[in-house]
Amino acid sequence: MTAFIRIAERHDLATIIDWAAAEGWNPGLDDADAFWAADPKGYHVLEVNGELTAAVSLVRYARDYGFLGFYMVRAQSRGLGFGWSLWQGVLSGFAGQTVGLDGVVAQQENYRKSGFVYAHANYRYGGAPGCRATVSGDIVAIDAQWIGAVAAYDRQFNPEPRESFIRAWLGPSGSRHGLACIADGKIAGYGVVRACREGCKIGPLFAETEEIADRLFQSLAATAGNAQVFLDIPGTNGAARRLCDRYGLAPVFETARMYRGAAPELPLDRIFGITTFELG
């Protein structure tokens with residue numbers, strides 16, 4: 001048996017995303033290019049006898065901060081230590097640095113054994129809100145004029161800048177649509193909706209007030225028509241839960257945000273939707 005770890009190539013990421021879909025993670029239809037733009041060296045695979053057997057991403061946003069996801073082993077190869085070997089090999093390159101993840105509840109204890117500490121719960125809410133777009137002159141489509149300002153605004157909600165990812169996430173795409181709320185010429189909130197294997201996901205959704213988040217949500221959700229809409233929210237944000245309740249969204253999935261190293265202080269009261277459990 002020959003097994004080795006390597007950095008994934010672009011075509012491998014498409015396979016990894018298909019694995020995620022098979023696990024029920026419901027990725028977007030056009031995620032790969034934007035994920036790749038975040039960190040082309042952030043995706044890792046373990047091959048056994050020439051076949052992709054395990055995967056994990058550790059996207060580096062800065063020298064001292066990364067976010068881990070896409071941790072999977074092919075069903076027929078589980079329980080043989082392949083995932084653990086890949087996990088250890090990739091994390092060893094981040095010794096002494098902060099790493100975040102969103103771990104499923106059943107695996108939290110295993111993550112603790114690797115030094116991860118619980119920060120807060122995240123919940124995925126889903127439903128068919130059947131929203132209509134609100135008519136408001138202060139809500140605009142995010143085009144080239146606004147991308148730089150949106151990327152700067154996004155920085156408030158993440159431990160490190162992620163401009164490469166944001167520019168790719170908001171760039172031309174047939175499956176994603178971004179909106180921003182403009183107040184006095186400045187960004188007061190923004191959100192992105194994207195078509196997924198099932199329905200649509202909204203994320204991120206950041207806003208200065210609950211009212212702005214509500215109007216952005218309505219306009220973003222309106223693009224889904226009568227389809228299911230999913231929103232991933234920090235469990236500590238009561239306003240985000242109220243928003244979900246108003247539009248008939250119910251919790252369908254829970255994860256734990258955990259960090260190894262110094263946990264960042266983030267304005268969770270203004271985070272109404274995180275980007276994705278898979279990327280962070």
# chains A, B, ... in the order shown; residues from 1 in each chain; ligands from 1

call {"tool": "residues_around", "arguments": {"residues": "region 143-152 of chain A", "least_positions_apart": "6", "cutoff": "10 Å", "atoms": "only C-alpha atoms", "output": "PyMOL selection string"}}
result
chain A and resi 161-168+170-172+177-180+182+186-191

call {"tool": "write_last_selection", "arguments": {"atoms": "N, CA and C atoms", "output": "mmCIF file, in the first residue's frame"}}
result
data_model
loop_
_atom_site.group_PDB
_atom_site.id
_atom_site.type_symbol
_atom_site.label_atom_id
_atom_site.label_comp_id
_atom_site.auth_asym_id
_atom_site.auth_seq_id
_atom_site.Cartn_x
_atom_site.Cartn_y
_atom_site.Cartn_z
ATOM 1 N N PRO A 161 -7.975 40.073 6.978
ATOM 2 C CA PRO A 161 -8.590 40.400 5.684
ATOM 3 C C PRO A 161 -8.742 39.157 4.820
ATOM 4 N N ARG A 162 -9.786 39.136 4.022
ATOM 5 C CA ARG A 162 -9.962 38.030 3.070
ATOM 6 C C ARG A 162 -10.393 38.592 1.715
ATOM 7 N N GLU A 163 -9.661 39.600 1.257
ATOM 8 C CA GLU A 163 -10.065 40.327 0.054
ATOM 9 C C GLU A 163 -10.058 39.443 -1.183
ATOM 10 N N SER A 164 -9.092 38.533 -1.298
ATOM 11 C CA SER A 164 -9.050 37.666 -2.478
ATOM 12 C C SER A 164 -10.320 36.836 -2.577
ATOM 13 N N PHE A 165 -10.741 36.294 -1.436
ATOM 14 C CA PHE A 165 -11.971 35.510 -1.421
ATOM 15 C C PHE A 165 -13.178 36.383 -1.739
ATOM 16 N N ILE A 166 -13.291 37.560 -1.112
ATOM 17 C CA ILE A 166 -14.452 38.417 -1.308
ATOM 18 C C ILE A 166 -14.560 38.864 -2.759
ATOM 19 N N ARG A 167 -13.435 39.229 -3.363
ATOM 20 C CA ARG A 167 -13.489 39.655 -4.763
ATOM 21 C C ARG A 167 -13.945 38.518 -5.664
ATOM 22 N N ALA A 168 -13.532 37.293 -5.356
ATOM 23 C CA ALA A 168 -13.989 36.150 -6.139
ATOM 24 C C ALA A 168 -15.452 35.829 -5.842
ATOM 25 N N LEU A 170 -17.779 37.856 -4.947
ATOM 26 C CA LEU A 170 -18.655 38.895 -5.485
ATOM 27 C C LEU A 170 -18.425 39.143 -6.963
ATOM 28 N N GLY A 171 -17.514 38.409 -7.570
ATOM 29 C CA GLY A 171 -17.250 38.589 -8.985
ATOM 30 C C GLY A 171 -18.354 38.000 -9.846
ATOM 31 N N PRO A 172 -18.207 38.101 -11.171
ATOM 32 C CA PRO A 172 -19.243 37.593 -12.086
ATOM 33 C C PRO A 172 -19.543 36.123 -11.836
ATOM 34 N N HIS A 177 -25.389 36.343 -6.001
ATOM 35 C CA HIS A 177 -25.878 37.712 -6.155
ATOM 36 C C HIS A 177 -25.646 38.448 -4.842
ATOM 37 N N GLY A 178 -24.912 39.566 -4.895
ATOM 38 C CA GLY A 178 -24.607 40.320 -3.683
ATOM 39 C C GLY A 178 -25.328 41.655 -3.636
ATOM 40 N N LEU A 179 -25.760 42.044 -2.445
ATOM 41 C CA LEU A 179 -26.424 43.320 -2.216
ATOM 42 C C LEU A 179 -25.772 44.019 -1.035
ATOM 43 N N ALA A 180 -25.715 45.341 -1.100
ATOM 44 C CA ALA A 180 -25.190 46.139 0.002
ATOM 45 C C ALA A 180 -26.180 47.229 0.354
ATOM 46 N N ILE A 182 -26.339 51.038 1.626
ATOM 47 C CA ILE A 182 -25.480 52.213 1.626
ATOM 48 C C ILE A 182 -26.120 53.302 2.477
ATOM 49 N N LYS A 186 -21.544 55.097 2.735
ATOM 50 C CA LYS A 186 -20.732 54.027 3.308
ATOM 51 C C LYS A 186 -21.543 52.736 3.415
ATOM 52 N N ILE A 187 -20.834 51.611 3.457
ATOM 53 C CA ILE A 187 -21.491 50.317 3.615
ATOM 54 C C ILE A 187 -22.036 50.185 5.036
ATOM 55 N N ALA A 188 -23.324 49.869 5.144
ATOM 56 C CA ALA A 188 -23.948 49.634 6.447
ATOM 57 C C ALA A 188 -24.390 48.181 6.603
ATOM 58 N N GLY A 189 -24.080 47.376 5.610
ATOM 59 C CA GLY A 189 -24.423 45.964 5.648
ATOM 60 C C GLY A 189 -24.329 45.388 4.250
ATOM 61 N N TYR A 190 -24.077 44.094 4.181
ATOM 62 C CA TYR A 190 -24.108 43.451 2.869
ATOM 63 C C TYR A 190 -24.386 41.964 3.043
ATOM 64 N N GLY A 191 -24.837 41.367 1.947
ATOM 65 C CA GLY A 191 -25.108 39.941 1.967
ATOM 66 C C GLY A 191 -24.995 39.355 0.577
#

call {"tool": "residues_around", "arguments": {"residues": "Thr134 (chain A)", "least_positions_apart": "6", "cutoff": "8 Å", "atoms": "only C-alpha atoms", "output": "list in words"}}
result
Arg215, Gln218 and Ser219 of chain A

call {"tool": "write_last_selection", "arguments": {"atoms": "all heavy atoms", "output": "JSON list (two decimals), in the first residue's frame"}}
result
[["chain", "number", "residue", "atom", "x", "y", "z"],
["A", 215, "ARG", "N", -34.00, 43.79, 5.86],
["A", 215, "ARG", "CA", -34.28, 44.21, 4.49],
["A", 215, "ARG", "C", -33.35, 43.55, 3.49],
["A", 215, "ARG", "O", -33.75, 43.17, 2.38],
["A", 215, "ARG", "CB", -34.20, 45.73, 4.38],
["A", 215, "ARG", "CG", -35.34, 46.43, 5.10],
["A", 215, "ARG", "CD", -35.44, 47.91, 4.74],
["A", 215, "ARG", "NE", -34.33, 48.69, 5.27],
["A", 215, "ARG", "CZ", -33.50, 49.39, 4.51],
["A", 215, "ARG", "NH1", -33.62, 49.40, 3.19],
["A", 215, "ARG", "NH2", -32.53, 50.09, 5.07],
["A", 218, "GLN", "N", -34.62, 39.95, 3.05],
["A", 218, "GLN", "CA", -35.79, 39.87, 2.18],
["A", 218, "GLN", "C", -35.40, 39.95, 0.71],
["A", 218, "GLN", "O", -35.88, 39.16, -0.12],
["A", 218, "GLN", "CB", -36.76, 41.01, 2.50],
["A", 218, "GLN", "CG", -37.50, 40.88, 3.81],
["A", 218, "GLN", "CD", -38.48, 42.01, 3.99],
["A", 218, "GLN", "OE1", -39.43, 42.17, 3.21],
["A", 218, "GLN", "NE2", -38.27, 42.84, 5.00],
["A", 219, "SER", "N", -34.56, 40.91, 0.38],
["A", 219, "SER", "CA", -34.18, 41.10, -1.02],
["A", 219, "SER", "C", -33.35, 39.92, -1.54],
["A", 219, "SER", "O", -33.51, 39.50, -2.68],
["A", 219, "SER", "CB", -33.40, 42.40, -1.18],
["A", 219, "SER", "OG", -34.23, 43.51, -0.91]]

call {"tool": "atom_distance", "arguments": {"atom1": "CA of His44 (chain A)", "atom2": "CA of Arg197 (chain A)"}}
result
23.4 Å

call {"tool": "residues_around", "arguments": {"residues": "region 225-236 of chain A", "least_positions_apart": "2", "cutoff": "6 Å", "atoms": "only C-alpha atoms", "output": "list in words"}}
result
Ala121, Asn122, Tyr123, Arg124, Tyr125, Gly126, Gly127, Ala128, Gly130, Gly199, Cys200, Lys201, Ile202, Ala222, Thr223, Phe272, Gly273 and Ile274 of chain A

call {"tool": "atom_distance", "arguments": {"atom1": "CA of Arg260 (chain A)", "atom2": "CA of Val48 (chain A)"}}
result
28.7 Å

call {"tool": "decode", "arguments": {"residues": "region 152-165 of chain A", "atoms": "all heavy atoms", "output": "mmCIF file, in the first residue's frame"}}
result
data_model
loop_
_atom_site.group_PDB
_atom_site.id
_atom_site.type_symbol
_atom_site.label_atom_id
_atom_site.label_comp_id
_atom_site.auth_asym_id
_atom_site.auth_seq_id
_atom_site.Cartn_x
_atom_site.Cartn_y
_atom_site.Cartn_z
ATOM 1 N N ALA A 152 -13.484 45.992 2.533
ATOM 2 C CA ALA A 152 -13.012 46.701 3.730
ATOM 3 C C ALA A 152 -14.007 46.544 4.878
ATOM 4 O O ALA A 152 -13.619 46.362 6.037
ATOM 5 C CB ALA A 152 -12.802 48.177 3.409
ATOM 6 N N TYR A 153 -15.301 46.611 4.561
ATOM 7 C CA TYR A 153 -16.334 46.420 5.584
ATOM 8 C C TYR A 153 -16.279 44.997 6.140
ATOM 9 O O TYR A 153 -16.392 44.783 7.360
ATOM 10 C CB TYR A 153 -17.703 46.711 4.969
ATOM 11 C CG TYR A 153 -18.868 46.573 5.916
ATOM 12 C CD1 TYR A 153 -19.149 47.561 6.856
ATOM 13 C CD2 TYR A 153 -19.705 45.458 5.870
ATOM 14 C CE1 TYR A 153 -20.234 47.440 7.724
ATOM 15 C CE2 TYR A 153 -20.777 45.328 6.726
ATOM 16 C CZ TYR A 153 -21.041 46.325 7.656
ATOM 17 O OH TYR A 153 -22.114 46.195 8.522
ATOM 18 N N ASP A 154 -16.075 44.033 5.266
ATOM 19 C CA ASP A 154 -16.010 42.623 5.662
ATOM 20 C C ASP A 154 -14.908 42.380 6.679
ATOM 21 O O ASP A 154 -15.013 41.483 7.527
ATOM 22 C CB ASP A 154 -15.790 41.775 4.404
ATOM 23 C CG ASP A 154 -15.753 40.297 4.681
ATOM 24 O OD1 ASP A 154 -16.810 39.652 4.669
ATOM 25 O OD2 ASP A 154 -14.634 39.760 4.897
ATOM 26 N N ARG A 155 -13.846 43.171 6.606
ATOM 27 C CA ARG A 155 -12.701 42.994 7.500
ATOM 28 C C ARG A 155 -13.096 43.095 8.969
ATOM 29 O O ARG A 155 -12.474 42.451 9.832
ATOM 30 C CB ARG A 155 -11.631 44.047 7.164
ATOM 31 C CG ARG A 155 -10.445 44.092 8.120
ATOM 32 C CD ARG A 155 -9.621 42.827 8.046
ATOM 33 N NE ARG A 155 -8.510 42.854 8.983
ATOM 34 C CZ ARG A 155 -8.585 42.457 10.246
ATOM 35 N NH1 ARG A 155 -9.736 42.006 10.740
ATOM 36 N NH2 ARG A 155 -7.528 42.487 11.025
ATOM 37 N N GLN A 156 -14.154 43.863 9.288
ATOM 38 C CA GLN A 156 -14.587 44.015 10.676
ATOM 39 C C GLN A 156 -15.060 42.691 11.279
ATOM 40 O O GLN A 156 -15.061 42.522 12.493
ATOM 41 C CB GLN A 156 -15.737 45.005 10.774
ATOM 42 C CG GLN A 156 -15.460 46.395 10.246
ATOM 43 C CD GLN A 156 -16.707 47.244 10.293
ATOM 44 O OE1 GLN A 156 -17.365 47.361 11.337
ATOM 45 N NE2 GLN A 156 -17.060 47.835 9.167
ATOM 46 N N PHE A 157 -15.483 41.762 10.428
ATOM 47 C CA PHE A 157 -16.172 40.565 10.889
ATOM 48 C C PHE A 157 -15.317 39.309 10.809
ATOM 49 O O PHE A 157 -15.799 38.201 11.035
ATOM 50 C CB PHE A 157 -17.455 40.378 10.066
ATOM 51 C CG PHE A 157 -18.367 41.571 10.126
ATOM 52 C CD1 PHE A 157 -18.296 42.562 9.163
ATOM 53 C CD2 PHE A 157 -19.259 41.737 11.179
ATOM 54 C CE1 PHE A 157 -19.116 43.682 9.221
ATOM 55 C CE2 PHE A 157 -20.076 42.850 11.258
ATOM 56 C CZ PHE A 157 -20.002 43.833 10.276
ATOM 57 N N ASN A 158 -14.044 39.500 10.486
ATOM 58 C CA ASN A 158 -13.127 38.374 10.352
ATOM 59 C C ASN A 158 -11.794 38.712 10.999
ATOM 60 O O ASN A 158 -11.393 39.877 11.019
ATOM 61 C CB ASN A 158 -12.933 38.028 8.872
ATOM 62 C CG ASN A 158 -14.196 37.480 8.252
ATOM 63 O OD1 ASN A 158 -14.504 36.304 8.388
ATOM 64 N ND2 ASN A 158 -14.936 38.342 7.560
ATOM 65 N N PRO A 159 -11.102 37.710 11.521
ATOM 66 C CA PRO A 159 -9.842 37.992 12.217
ATOM 67 C C PRO A 159 -8.780 38.618 11.328
ATOM 68 O O PRO A 159 -7.909 39.338 11.809
ATOM 69 C CB PRO A 159 -9.402 36.607 12.709
ATOM 70 C CG PRO A 159 -10.644 35.788 12.738
ATOM 71 C CD PRO A 159 -11.488 36.301 11.622
ATOM 72 N N GLU A 160 -8.824 38.315 10.039
ATOM 73 C CA GLU A 160 -7.848 38.842 9.089
ATOM 74 C C GLU A 160 -8.571 39.205 7.790
ATOM 75 O O GLU A 160 -9.656 38.707 7.513
ATOM 76 C CB GLU A 160 -6.756 37.798 8.793
ATOM 77 C CG GLU A 160 -5.917 37.394 9.991
ATOM 78 C CD GLU A 160 -4.983 38.506 10.454
ATOM 79 O OE1 GLU A 160 -4.744 39.454 9.679
ATOM 80 O OE2 GLU A 160 -4.494 38.409 11.598
ATOM 81 N N PRO A 161 -7.975 40.073 6.978
ATOM 82 C CA PRO A 161 -8.590 40.400 5.684
ATOM 83 C C PRO A 161 -8.742 39.157 4.820
ATOM 84 O O PRO A 161 -7.904 38.250 4.868
ATOM 85 C CB PRO A 161 -7.601 41.386 5.052
ATOM 86 C CG PRO A 161 -6.766 41.894 6.181
ATOM 87 C CD PRO A 161 -6.696 40.788 7.189
ATOM 88 N N ARG A 162 -9.786 39.136 4.022
ATOM 89 C CA ARG A 162 -9.962 38.030 3.070
ATOM 90 C C ARG A 162 -10.393 38.592 1.715
ATOM 91 O O ARG A 162 -11.362 38.124 1.098
ATOM 92 C CB ARG A 162 -10.963 37.006 3.604
ATOM 93 C CG ARG A 162 -12.314 37.569 4.036
ATOM 94 C CD ARG A 162 -13.237 36.468 4.485
ATOM 95 N NE ARG A 162 -14.595 36.961 4.698
ATOM 96 C CZ ARG A 162 -15.649 36.177 4.907
ATOM 97 N NH1 ARG A 162 -15.496 34.871 4.934
ATOM 98 N NH2 ARG A 162 -16.857 36.682 5.083
ATOM 99 N N GLU A 163 -9.661 39.600 1.257
ATOM 100 C CA GLU A 163 -10.065 40.327 0.054
ATOM 101 C C GLU A 163 -10.058 39.443 -1.183
ATOM 102 O O GLU A 163 -10.935 39.573 -2.046
ATOM 103 C CB GLU A 163 -9.168 41.546 -0.156
ATOM 104 C CG GLU A 163 -9.637 42.424 -1.312
ATOM 105 C CD GLU A 163 -9.030 43.807 -1.307
ATOM 106 O OE1 GLU A 163 -8.421 44.198 -0.282
ATOM 107 O OE2 GLU A 163 -9.169 44.497 -2.326
ATOM 108 N N SER A 164 -9.092 38.533 -1.298
ATOM 109 C CA SER A 164 -9.050 37.666 -2.478
ATOM 110 C C SER A 164 -10.320 36.836 -2.577
ATOM 111 O O SER A 164 -10.910 36.690 -3.660
ATOM 112 C CB SER A 164 -7.825 36.747 -2.419
ATOM 113 O OG SER A 164 -6.636 37.490 -2.491
ATOM 114 N N PHE A 165 -10.741 36.294 -1.436
ATOM 115 C CA PHE A 165 -11.971 35.510 -1.421
ATOM 116 C C PHE A 165 -13.178 36.383 -1.739
ATOM 117 O O PHE A 165 -14.030 36.019 -2.565
ATOM 118 C CB PHE A 165 -12.155 34.836 -0.061
ATOM 119 C CG PHE A 165 -13.515 34.213 0.123
ATOM 120 C CD1 PHE A 165 -13.895 33.112 -0.619
ATOM 121 C CD2 PHE A 165 -14.422 34.745 1.027
ATOM 122 C CE1 PHE A 165 -15.152 32.544 -0.461
ATOM 123 C CE2 PHE A 165 -15.673 34.188 1.196
ATOM 124 C CZ PHE A 165 -16.043 33.086 0.448
#
